[in-house]
Amino acid sequence: GYVDEEVAGRLLDLVEEGLGALKEPEGKVPGVEGVVEGRGLVKSGGEETEVSTTSDKDFEWTPTAGVIRKQISELSGTPEESIGSDTTLFSLGLDSIDVIKLASRLKKAGVKISVSAIVRSQTVAKMMGSIQLDQGPVGGKVGTSIDELERQLRSSLGEEVKGATAVLPATPLQEGMVAEMVESGFRKYFNHELYRVKEGVDMDALKRAWEAVVAEFDILRTSFVGVEDVEIDVGFAQVVRPASTSGIWRAVELAEETDLGSETRGLLEVAVEGAKKGELLQLVNVRHGKEKYYLLSISHALYDGWSLQALHANVQKAYNGQALSNPSVRVPLEQLLNANGPDATKYWRTALSGLPKSEFPLRNTTSEGVNRFELPSSLPLDDIQAFCRGSNISLQTLGQTAWAILLASCLKRLDVAFGVVLSCRDTEETSELMFPLMNTVVVRAVIHGDRGAFPASKGSGARGAPGGGVVRYAVYLPGQGKGGEW
C-alpha cells in the first residue's frame, strides 16, 4: 500500500494549517476551543526567548551549578546571566545531540550526570538534584561480560574462528539483518553503491585510504557465524578477521561503448557470490572509458546511517593523511546486550498492552517496490524552531506529535503507534563509533482531551499536542534503565 502525491499533499496541508494557527497565540486552532496563554518573551540576539518565571533568589548558585550553566551557555550561545535556574534546554533551542555534548562536557569538567538525567531534568536546578543519582551501578547488578562471552564463543566455534582477532556476540539488530540477508540469498541487507570519481582525484591515493580505513576499523573486516550451542544465548557471532596484506580491491576495465548499467549488474552478482563466502565488504575499481568509478558492496549488518557518514568521513581523513579515531566497541556492545532482560520485557509488555494495529488501509495490493514522495514545507524552518523554543519542546517532539495526530486522523483512532529510529549514541565517544548501534523502536501515542491549544505538559513522557489534545508517549529512551531492543 502507499499514499499517492495528492493524498500526501493534503495531509501535509493539514499539518501546516495547524502549525500556522499555533503561531498566533490569540487565534484559535481549527476545531479547538481555547487559546494559548501568553508567555513573557524577551529579545536576545534578534530572537525571542522565553523569560524565566521563577526568581533565582531561592536557588544557590554553587560552583557545580555554575559549571552546568557555563556549559549550557557555550552550547546554546546564550549569555550566562540570562540562563536562570529554571530555564529549560529546549527553550534555548538545544536538541538531543546537544544534550549528548553537554553530558560529555560536564563529565570532563568533573560533573557526572547521564544524558537521560539531563533530558528528564531540563533545568540547572533539577540537574543538581540528579547528579548524586548517577553515582555507581544501581543495586550492584552485574550483567553479561563481553570478555566471558568471547571466551565461550571461541571455545564453542573452534576451527571456524581460528585466527580471528575478535569473536563477539552479534546484537539483536545484527542478528535480524543477517538472518534475512542469508534467507534472501543476499538480496536483502547486502547493499551496493556506485560512486563516480571526480576528475583530479588520485585514484591510487583513494584506494590506499580505503585500505587504511578497513585495516583500522574491525567492523569492516567482520563476518558472521551461526552459533548452535544452546548454552550461549546468541544466534550469531561476529568474527573479526586480521587486516588483509594482499589488498581489498578488484579492478574492472570496461570499453566506452559498453552499457555501464548492465555491466554493473554483473558486478553485483559477483559481489553476492563473494558475500556468501563471508566477504561482507567489497570494493571494485571500475574504469569505463575515460570515466572512473568505484563500487562499494557492504552488508547492512556492518553499519547504520550514522556510521555510514563516519565511514566516508574517515576515508576523506585517510586520503588527506589525517589520523583516524577508533573508539572501542566493547563497552557499548556490552551495555547494549545488558539492556535486554526481564526488566526490558516487562516494560514493553506494559507499554504495549492492548495496543491495536496502526496500519494504513491498502489501496493497491499488487504494488511493488517503494513509493516515495517528498514535499517541501511552506513553513520556514526558523519559524518552526522558534515555535519549539517558545513551547519548550524539541523538534523531534513536534514531529512525532504531528505524525501521531495525522495517524490518528487517518485511522479514526486515538491510540496509535509508529516506529522511530534512535541513534543509541548517548556519549561523544559513541558518536565517533563505526558500528550499527541505531535501532527502530515503537512509540505509542495516546491522544486525550485537553481544551488548551498545545498545553505545556510537564509530566514524564508527555508533551503538548497541537489540535487541542495531549499526546502521551510510551517510548524507550536510551540510558534510562528501562526498555531495550524491540
# chains A, B, ... in the order shown; residues from 1 in each chain; ligands from 1
call {"tool": "residues_around", "arguments": {"residues": "stretch 57-67 of chain A", "least_positions_apart": "6", "cutoff": "9 Å", "atoms": "only C-alpha atoms", "output": "list in words"}}
result
Glu80, Ser85, Leu106, Ala109, Gly110, Val111, Val124, Ala125, Met127 and Met128 of chain A
call {"tool": "write_last_selection", "arguments": {"atoms": "N, CA and C atoms", "output": "PDB file, in the first residue's frame"}}
result
ATOM      1  N   GLU A  80      25.495  33.737  29.944  1.00  0.00           N
ATOM      2  CA  GLU A  80      25.278  33.023  31.199  1.00  0.00           C
ATOM      3  C   GLU A  80      24.247  33.705  32.082  1.00  0.00           C
ATOM      4  N   SER A  85      17.877  29.433  36.910  1.00  0.00           N
ATOM      5  CA  SER A  85      17.921  28.083  37.471  1.00  0.00           C
ATOM      6  C   SER A  85      16.829  27.199  36.898  1.00  0.00           C
ATOM      7  N   LEU A 106      30.275  18.112  30.678  1.00  0.00           N
ATOM      8  CA  LEU A 106      30.150  18.131  32.135  1.00  0.00           C
ATOM      9  C   LEU A 106      31.016  17.042  32.774  1.00  0.00           C
ATOM     10  N   ALA A 109      34.400  18.163  32.967  1.00  0.00           N
ATOM     11  CA  ALA A 109      34.529  19.216  33.977  1.00  0.00           C
ATOM     12  C   ALA A 109      34.330  18.683  35.391  1.00  0.00           C
ATOM     13  N   GLY A 110      34.141  17.360  35.525  1.00  0.00           N
ATOM     14  CA  GLY A 110      34.017  16.751  36.842  1.00  0.00           C
ATOM     15  C   GLY A 110      32.601  16.626  37.355  1.00  0.00           C
ATOM     16  N   VAL A 111      31.606  16.877  36.504  1.00  0.00           N
ATOM     17  CA  VAL A 111      30.203  16.767  36.914  1.00  0.00           C
ATOM     18  C   VAL A 111      29.601  15.553  36.215  1.00  0.00           C
ATOM     19  N   VAL A 124      18.883  23.703  35.268  1.00  0.00           N
ATOM     20  CA  VAL A 124      20.045  23.604  36.162  1.00  0.00           C
ATOM     21  C   VAL A 124      19.611  23.128  37.537  1.00  0.00           C
ATOM     22  N   ALA A 125      18.514  23.680  38.044  1.00  0.00           N
ATOM     23  CA  ALA A 125      18.047  23.325  39.385  1.00  0.00           C
ATOM     24  C   ALA A 125      17.767  21.833  39.504  1.00  0.00           C
ATOM     25  N   MET A 127      18.883  19.451  37.461  1.00  0.00           N
ATOM     26  CA  MET A 127      20.106  18.685  37.214  1.00  0.00           C
ATOM     27  C   MET A 127      20.914  18.531  38.498  1.00  0.00           C
ATOM     28  N   MET A 128      20.920  19.555  39.326  1.00  0.00           N
ATOM     29  CA  MET A 128      21.653  19.480  40.592  1.00  0.00           C
ATOM     30  C   MET A 128      21.124  18.348  41.455  1.00  0.00           C
TER      31      MET A 128
END
call {"tool": "select_by_dssp", "arguments": {"residues": "stretch 158-373 of chain A", "states": "helix (DSSP H, G or I)", "output": "PyMOL selection string"}}
result
chain A and resi 158-161+172-183+203-216+218-221+260-276+300-302+305-319+330-338+342-351
call {"tool": "write_last_selection", "arguments": {"atoms": "C-alpha atoms", "output": "mmCIF file, in the first residue's frame"}}
result
data_model
loop_
_atom_site.group_PDB
_atom_site.id
_atom_site.type_symbol
_atom_site.label_atom_id
_atom_site.label_comp_id
_atom_site.auth_asym_id
_atom_site.auth_seq_id
_atom_site.Cartn_x
_atom_site.Cartn_y
_atom_site.Cartn_z
ATOM 1 C CA GLY A 158 36.639 -23.744 17.426
ATOM 2 C CA GLU A 159 38.151 -24.009 13.934
ATOM 3 C CA GLU A 160 35.527 -21.688 12.419
ATOM 4 C CA VAL A 161 37.078 -18.711 14.199
ATOM 5 C CA PRO A 172 19.776 -8.413 18.142
ATOM 6 C CA LEU A 173 19.618 -5.876 15.299
ATOM 7 C CA GLN A 174 22.553 -7.524 13.518
ATOM 8 C CA GLU A 175 21.089 -10.987 14.030
ATOM 9 C CA GLY A 176 17.835 -9.951 12.393
ATOM 10 C CA MET A 177 19.631 -8.394 9.425
ATOM 11 C CA VAL A 178 21.986 -11.333 8.934
ATOM 12 C CA ALA A 179 19.170 -13.883 9.151
ATOM 13 C CA GLU A 180 17.122 -12.070 6.496
ATOM 14 C CA MET A 181 20.193 -11.411 4.357
ATOM 15 C CA VAL A 182 21.029 -15.117 4.253
ATOM 16 C CA GLU A 183 17.387 -16.156 3.791
ATOM 17 C CA MET A 203 42.661 7.013 -7.522
ATOM 18 C CA ASP A 204 45.698 5.264 -6.081
ATOM 19 C CA ALA A 205 45.568 7.519 -3.010
ATOM 20 C CA LEU A 206 41.830 6.872 -2.670
ATOM 21 C CA LYS A 207 42.416 3.123 -2.777
ATOM 22 C CA ARG A 208 45.099 3.406 -0.101
ATOM 23 C CA ALA A 209 42.733 5.497 2.025
ATOM 24 C CA TRP A 210 40.071 2.797 1.887
ATOM 25 C CA GLU A 211 42.644 0.138 2.735
ATOM 26 C CA ALA A 212 43.772 2.177 5.756
ATOM 27 C CA VAL A 213 40.191 2.599 6.993
ATOM 28 C CA VAL A 214 39.332 -1.086 6.581
ATOM 29 C CA ALA A 215 42.530 -2.048 8.410
ATOM 30 C CA GLU A 216 41.745 0.372 11.253
ATOM 31 C CA ASP A 218 37.260 -4.010 12.985
ATOM 32 C CA ILE A 219 33.615 -3.875 11.903
ATOM 33 C CA LEU A 220 34.697 -3.523 8.262
ATOM 34 C CA ARG A 221 36.560 -6.865 8.464
ATOM 35 C CA LEU A 260 27.542 0.708 -17.587
ATOM 36 C CA GLY A 261 24.207 -0.310 -16.059
ATOM 37 C CA SER A 262 24.217 -3.870 -17.387
ATOM 38 C CA GLU A 263 27.913 -4.320 -16.614
ATOM 39 C CA THR A 264 27.315 -3.097 -13.063
ATOM 40 C CA ARG A 265 24.527 -5.635 -12.590
ATOM 41 C CA GLY A 266 27.038 -8.322 -13.482
ATOM 42 C CA LEU A 267 29.443 -6.955 -10.865
ATOM 43 C CA LEU A 268 26.666 -7.109 -8.268
ATOM 44 C CA GLU A 269 26.192 -10.816 -8.935
ATOM 45 C CA VAL A 270 29.913 -11.376 -8.387
ATOM 46 C CA ALA A 271 29.680 -9.416 -5.116
ATOM 47 C CA VAL A 272 26.758 -11.552 -3.931
ATOM 48 C CA GLU A 273 28.763 -14.734 -4.513
ATOM 49 C CA GLY A 274 31.629 -13.229 -2.527
ATOM 50 C CA ALA A 275 29.272 -12.312 0.309
ATOM 51 C CA LYS A 276 28.129 -15.919 0.540
ATOM 52 C CA HIS A 300 23.882 -3.515 6.406
ATOM 53 C CA ALA A 301 24.850 -5.536 9.490
ATOM 54 C CA LEU A 302 28.193 -3.672 9.407
ATOM 55 C CA GLY A 305 23.056 5.604 8.880
ATOM 56 C CA TRP A 306 25.221 7.336 11.467
ATOM 57 C CA SER A 307 28.322 5.217 10.953
ATOM 58 C CA LEU A 308 27.953 5.308 7.154
ATOM 59 C CA GLN A 309 28.616 9.039 7.332
ATOM 60 C CA ALA A 310 31.555 8.330 9.637
ATOM 61 C CA LEU A 311 32.876 5.773 7.133
ATOM 62 C CA HIS A 312 33.111 8.279 4.298
ATOM 63 C CA ALA A 313 34.436 10.964 6.647
ATOM 64 C CA ASN A 314 37.248 8.631 7.712
ATOM 65 C CA VAL A 315 38.073 7.784 4.097
ATOM 66 C CA GLN A 316 38.369 11.523 3.481
ATOM 67 C CA LYS A 317 40.658 11.852 6.518
ATOM 68 C CA ALA A 318 42.866 8.990 5.381
ATOM 69 C CA TYR A 319 43.017 10.426 1.859
ATOM 70 C CA ARG A 330 33.408 -3.492 23.518
ATOM 71 C CA VAL A 331 31.908 -1.301 26.252
ATOM 72 C CA PRO A 332 28.958 0.000 24.171
ATOM 73 C CA LEU A 333 28.309 -3.547 22.929
ATOM 74 C CA GLU A 334 28.298 -4.888 26.482
ATOM 75 C CA GLN A 335 25.886 -2.147 27.572
ATOM 76 C CA LEU A 336 23.609 -2.865 24.629
ATOM 77 C CA LEU A 337 23.468 -6.590 25.348
ATOM 78 C CA ASN A 338 22.760 -5.959 29.024
ATOM 79 C CA PRO A 342 13.443 -9.242 32.269
ATOM 80 C CA ASP A 343 13.076 -5.535 33.059
ATOM 81 C CA ALA A 344 13.022 -4.644 29.371
ATOM 82 C CA THR A 345 10.476 -7.372 28.607
ATOM 83 C CA LYS A 346 8.267 -6.223 31.482
ATOM 84 C CA TYR A 347 8.485 -2.614 30.314
ATOM 85 C CA TRP A 348 7.459 -3.358 26.750
ATOM 86 C CA ARG A 349 4.640 -5.712 27.742
ATOM 87 C CA THR A 350 3.195 -2.978 29.941
ATOM 88 C CA ALA A 351 3.760 -0.150 27.454
#
call {"tool": "atom_distance", "arguments": {"atom1": "atom CA of A:Val197", "atom2": "atom CA of A:Ser297"}}
result
16.3 Å
call {"tool": "residues_around", "arguments": {"residues": "A:Glu5", "least_positions_apart": "5", "cutoff": "12 Å", "atoms": "only C-alpha atoms", "output": "list in words"}}
result
Arg10, Leu11, Leu12, Asn371, Arg372, Phe373, Glu374 and Leu375 of chain A
call {"tool": "write_last_selection", "arguments": {"atoms": "N, CA and C atoms", "output": "PDB file, in the first residue's frame"}}
result
ATOM      1  N   ARG A  10      -2.394  16.736   0.676  1.00  0.00           N
ATOM      2  CA  ARG A  10      -3.490  17.149   1.559  1.00  0.00           C
ATOM      3  C   ARG A  10      -3.127  16.941   3.025  1.00  0.00           C
ATOM      4  N   LEU A  11      -2.451  15.825   3.323  1.00  0.00           N
ATOM      5  CA  LEU A  11      -2.048  15.557   4.704  1.00  0.00           C
ATOM      6  C   LEU A  11      -1.066  16.610   5.198  1.00  0.00           C
ATOM      7  N   LEU A  12      -0.101  16.975   4.338  1.00  0.00           N
ATOM      8  CA  LEU A  12       0.867  17.997   4.728  1.00  0.00           C
ATOM      9  C   LEU A  12       0.171  19.335   4.946  1.00  0.00           C
ATOM     10  N   ASN A 371       7.337   3.420  -2.881  1.00  0.00           N
ATOM     11  CA  ASN A 371       6.787   4.646  -3.459  1.00  0.00           C
ATOM     12  C   ASN A 371       7.144   5.794  -2.535  1.00  0.00           C
ATOM     13  N   ARG A 372       7.926   6.722  -3.004  1.00  0.00           N
ATOM     14  CA  ARG A 372       8.425   7.794  -2.152  1.00  0.00           C
ATOM     15  C   ARG A 372       8.104   9.156  -2.762  1.00  0.00           C
ATOM     16  N   PHE A 373       7.555  10.030  -1.927  1.00  0.00           N
ATOM     17  CA  PHE A 373       7.266  11.397  -2.345  1.00  0.00           C
ATOM     18  C   PHE A 373       7.858  12.348  -1.319  1.00  0.00           C
ATOM     19  N   GLU A 374       8.408  13.441  -1.777  1.00  0.00           N
ATOM     20  CA  GLU A 374       8.931  14.471  -0.888  1.00  0.00           C
ATOM     21  C   GLU A 374       8.273  15.794  -1.235  1.00  0.00           C
ATOM     22  N   LEU A 375       7.675  16.431  -0.241  1.00  0.00           N
ATOM     23  CA  LEU A 375       7.027  17.720  -0.443  1.00  0.00           C
ATOM     24  C   LEU A 375       7.640  18.726   0.519  1.00  0.00           C
TER      25      LEU A 375
END
call {"tool": "closest_residue", "arguments": {"among": "A:Ile113, A:Leu433, A:Val167, A:Leu362", "to": "A:Ser325", "atoms": "only C-alpha atoms"}}
result
A:Leu433
call {"tool": "closest_residue", "arguments": {"among": "A:Leu157, A:Ala251, A:Leu352, A:Leu283", "to": "A:Asp229", "atoms": "only C-alpha atoms"}}
result
A:Leu157
call {"tool": "select_by_dssp", "arguments": {"residues": "stretch 159-389 of chain A", "states": "strand (DSSP E or B)", "output": "PDB file with C-alpha atoms, in the first residue's frame"}}
result
ATOM      1  CA  ALA A 166      37.991 -10.888  17.930  1.00  0.00           C
ATOM      2  CA  VAL A 167      34.866 -13.036  18.282  1.00  0.00           C
ATOM      3  CA  LEU A 168      31.975 -11.016  19.663  1.00  0.00           C
ATOM      4  CA  PRO A 169      28.253 -11.646  20.057  1.00  0.00           C
ATOM      5  CA  PHE A 190      23.527  -6.514   1.282  1.00  0.00           C
ATOM      6  CA  ASN A 191      23.760  -3.128  -0.368  1.00  0.00           C
ATOM      7  CA  HIS A 192      25.684  -1.677  -3.303  1.00  0.00           C
ATOM      8  CA  GLU A 193      26.683   1.891  -4.151  1.00  0.00           C
ATOM      9  CA  LEU A 194      28.435   3.005  -7.345  1.00  0.00           C
ATOM     10  CA  TYR A 195      30.448   6.208  -6.894  1.00  0.00           C
ATOM     11  CA  ARG A 196      31.782   8.345  -9.713  1.00  0.00           C
ATOM     12  CA  THR A 222      33.682  -8.687  10.132  1.00  0.00           C
ATOM     13  CA  SER A 223      31.733 -11.745   9.017  1.00  0.00           C
ATOM     14  CA  PHE A 224      29.055 -13.717  10.871  1.00  0.00           C
ATOM     15  CA  VAL A 225      28.940 -17.326  12.017  1.00  0.00           C
ATOM     16  CA  GLY A 226      25.845 -19.090  13.348  1.00  0.00           C
ATOM     17  CA  PHE A 236      25.295 -15.288  15.571  1.00  0.00           C
ATOM     18  CA  ALA A 237      28.876 -14.381  16.399  1.00  0.00           C
ATOM     19  CA  GLN A 238      30.590 -11.515  14.625  1.00  0.00           C
ATOM     20  CA  VAL A 239      34.068 -12.665  13.678  1.00  0.00           C
ATOM     21  CA  VAL A 240      36.772 -10.067  13.031  1.00  0.00           C
ATOM     22  CA  TRP A 249      40.331  -4.072  -4.327  1.00  0.00           C
ATOM     23  CA  ARG A 250      39.345  -5.723  -7.584  1.00  0.00           C
ATOM     24  CA  ALA A 251      39.761  -3.874 -10.888  1.00  0.00           C
ATOM     25  CA  VAL A 252      37.484  -3.927 -13.938  1.00  0.00           C
ATOM     26  CA  GLU A 253      38.123  -2.252 -17.308  1.00  0.00           C
ATOM     27  CA  LEU A 254      35.026  -1.551 -19.442  1.00  0.00           C
ATOM     28  CA  LEU A 281      32.663  -5.566   2.318  1.00  0.00           C
ATOM     29  CA  GLN A 282      33.968  -5.490  -1.249  1.00  0.00           C
ATOM     30  CA  LEU A 283      35.453  -2.728  -3.392  1.00  0.00           C
ATOM     31  CA  VAL A 284      35.801  -2.683  -7.178  1.00  0.00           C
ATOM     32  CA  ASN A 285      37.787  -0.101  -9.133  1.00  0.00           C
ATOM     33  CA  VAL A 286      35.754   0.417 -12.325  1.00  0.00           C
ATOM     34  CA  ARG A 287      37.188   2.118 -15.412  1.00  0.00           C
ATOM     35  CA  HIS A 288      34.546   2.901 -18.066  1.00  0.00           C
ATOM     36  CA  GLU A 291      35.381   7.756 -16.563  1.00  0.00           C
ATOM     37  CA  LYS A 292      36.447   6.372 -13.184  1.00  0.00           C
ATOM     38  CA  TYR A 293      34.092   4.792 -10.635  1.00  0.00           C
ATOM     39  CA  TYR A 294      34.274   2.532  -7.659  1.00  0.00           C
ATOM     40  CA  LEU A 295      31.664   0.064  -6.470  1.00  0.00           C
ATOM     41  CA  LEU A 296      31.119  -0.466  -2.738  1.00  0.00           C
ATOM     42  CA  SER A 297      29.220  -3.595  -1.684  1.00  0.00           C
ATOM     43  CA  ILE A 298      28.588  -3.864   2.057  1.00  0.00           C
ATOM     44  CA  SER A 299      26.289  -5.711   4.448  1.00  0.00           C
TER      45      SER A 299
END
call {"tool": "decode", "arguments": {"residues": "stretch 339-417 of chain A", "atoms": "C-alpha atoms", "output": "PDB file, in the first residue's frame"}}
result
ATOM      1  CA  ALA A 339      19.866  -3.645  28.129  1.00  0.00           C
ATOM      2  CA  ASN A 340      17.855  -6.713  27.111  1.00  0.00           C
ATOM      3  CA  GLY A 341      16.484  -8.651  30.035  1.00  0.00           C
ATOM      4  CA  PRO A 342      13.443  -9.242  32.269  1.00  0.00           C
ATOM      5  CA  ASP A 343      13.076  -5.535  33.059  1.00  0.00           C
ATOM      6  CA  ALA A 344      13.022  -4.644  29.371  1.00  0.00           C
ATOM      7  CA  THR A 345      10.476  -7.372  28.607  1.00  0.00           C
ATOM      8  CA  LYS A 346       8.267  -6.223  31.482  1.00  0.00           C
ATOM      9  CA  TYR A 347       8.485  -2.614  30.314  1.00  0.00           C
ATOM     10  CA  TRP A 348       7.459  -3.358  26.750  1.00  0.00           C
ATOM     11  CA  ARG A 349       4.640  -5.712  27.742  1.00  0.00           C
ATOM     12  CA  THR A 350       3.195  -2.978  29.941  1.00  0.00           C
ATOM     13  CA  ALA A 351       3.760  -0.150  27.454  1.00  0.00           C
ATOM     14  CA  LEU A 352       2.193  -2.040  24.546  1.00  0.00           C
ATOM     15  CA  SER A 353      -0.601  -3.823  26.419  1.00  0.00           C
ATOM     16  CA  GLY A 354      -3.828  -3.702  24.434  1.00  0.00           C
ATOM     17  CA  LEU A 355      -2.229  -1.809  21.563  1.00  0.00           C
ATOM     18  CA  PRO A 356      -4.283  -2.028  18.350  1.00  0.00           C
ATOM     19  CA  LYS A 357      -2.550  -2.285  14.995  1.00  0.00           C
ATOM     20  CA  SER A 358      -1.769   1.020  13.297  1.00  0.00           C
ATOM     21  CA  GLU A 359      -1.943   0.140   9.608  1.00  0.00           C
ATOM     22  CA  PHE A 360      -2.925   2.317   6.684  1.00  0.00           C
ATOM     23  CA  PRO A 361      -5.619   0.630   4.567  1.00  0.00           C
ATOM     24  CA  LEU A 362      -4.206  -0.869   1.386  1.00  0.00           C
ATOM     25  CA  ARG A 363      -5.077   0.981  -1.806  1.00  0.00           C
ATOM     26  CA  ASN A 364      -3.228  -1.327  -4.165  1.00  0.00           C
ATOM     27  CA  THR A 365      -2.425  -4.844  -3.028  1.00  0.00           C
ATOM     28  CA  THR A 366      -0.283  -5.519  -6.103  1.00  0.00           C
ATOM     29  CA  SER A 367       2.051  -2.561  -5.597  1.00  0.00           C
ATOM     30  CA  GLU A 368       5.730  -3.499  -5.642  1.00  0.00           C
ATOM     31  CA  GLY A 369       8.802  -1.616  -4.539  1.00  0.00           C
ATOM     32  CA  VAL A 370       8.947   1.642  -2.636  1.00  0.00           C
ATOM     33  CA  ASN A 371       6.787   4.646  -3.459  1.00  0.00           C
ATOM     34  CA  ARG A 372       8.425   7.794  -2.152  1.00  0.00           C
ATOM     35  CA  PHE A 373       7.266  11.397  -2.345  1.00  0.00           C
ATOM     36  CA  GLU A 374       8.931  14.471  -0.888  1.00  0.00           C
ATOM     37  CA  LEU A 375       7.027  17.720  -0.443  1.00  0.00           C
ATOM     38  CA  PRO A 376       8.787  20.817   0.905  1.00  0.00           C
ATOM     39  CA  SER A 377       7.074  22.550   3.814  1.00  0.00           C
ATOM     40  CA  SER A 378       5.718  26.048   3.241  1.00  0.00           C
ATOM     41  CA  LEU A 379       6.675  26.945   6.821  1.00  0.00           C
ATOM     42  CA  PRO A 380      10.275  28.192   7.180  1.00  0.00           C
ATOM     43  CA  LEU A 381      12.451  26.090   9.483  1.00  0.00           C
ATOM     44  CA  ASP A 382      13.334  29.186  11.523  1.00  0.00           C
ATOM     45  CA  ASP A 383       9.650  29.708  12.338  1.00  0.00           C
ATOM     46  CA  ILE A 384       9.241  26.095  13.401  1.00  0.00           C
ATOM     47  CA  GLN A 385      12.348  26.236  15.600  1.00  0.00           C
ATOM     48  CA  ALA A 386      11.151  29.486  17.196  1.00  0.00           C
ATOM     49  CA  PHE A 387       7.796  27.866  17.914  1.00  0.00           C
ATOM     50  CA  CYS A 388       9.515  24.884  19.562  1.00  0.00           C
ATOM     51  CA  ARG A 389      11.640  27.139  21.763  1.00  0.00           C
ATOM     52  CA  GLY A 390       8.613  29.156  22.805  1.00  0.00           C
ATOM     53  CA  SER A 391       6.632  25.993  23.562  1.00  0.00           C
ATOM     54  CA  ASN A 392       9.559  24.395  25.424  1.00  0.00           C
ATOM     55  CA  ILE A 393       9.674  21.309  23.225  1.00  0.00           C
ATOM     56  CA  SER A 394      12.152  19.775  20.798  1.00  0.00           C
ATOM     57  CA  LEU A 395      11.809  19.494  17.039  1.00  0.00           C
ATOM     58  CA  GLN A 396      11.599  15.721  17.469  1.00  0.00           C
ATOM     59  CA  THR A 397       8.633  16.085  19.830  1.00  0.00           C
ATOM     60  CA  LEU A 398       6.833  18.380  17.405  1.00  0.00           C
ATOM     61  CA  GLY A 399       7.418  15.999  14.510  1.00  0.00           C
ATOM     62  CA  GLN A 400       6.246  12.959  16.450  1.00  0.00           C
ATOM     63  CA  THR A 401       3.217  14.832  17.780  1.00  0.00           C
ATOM     64  CA  ALA A 402       2.217  15.980  14.300  1.00  0.00           C
ATOM     65  CA  TRP A 403       2.600  12.460  12.947  1.00  0.00           C
ATOM     66  CA  ALA A 404       0.614  10.972  15.866  1.00  0.00           C
ATOM     67  CA  ILE A 405      -2.294  13.352  15.238  1.00  0.00           C
ATOM     68  CA  LEU A 406      -2.164  12.739  11.498  1.00  0.00           C
ATOM     69  CA  LEU A 407      -2.061   8.971  12.016  1.00  0.00           C
ATOM     70  CA  ALA A 408      -4.964   9.149  14.477  1.00  0.00           C
ATOM     71  CA  SER A 409      -6.972  11.165  11.946  1.00  0.00           C
ATOM     72  CA  CYS A 410      -6.310   8.698   9.128  1.00  0.00           C
ATOM     73  CA  LEU A 411      -7.058   5.633  11.250  1.00  0.00           C
ATOM     74  CA  LYS A 412     -10.010   7.182  13.153  1.00  0.00           C
ATOM     75  CA  ARG A 413      -8.401   6.053  16.405  1.00  0.00           C
ATOM     76  CA  LEU A 414      -6.906   7.896  19.402  1.00  0.00           C
ATOM     77  CA  ASP A 415      -4.467   5.128  20.414  1.00  0.00           C
ATOM     78  CA  VAL A 416      -1.822   4.761  17.700  1.00  0.00           C
ATOM     79  CA  ALA A 417       1.745   3.548  17.352  1.00  0.00           C
TER      80      ALA A 417
END
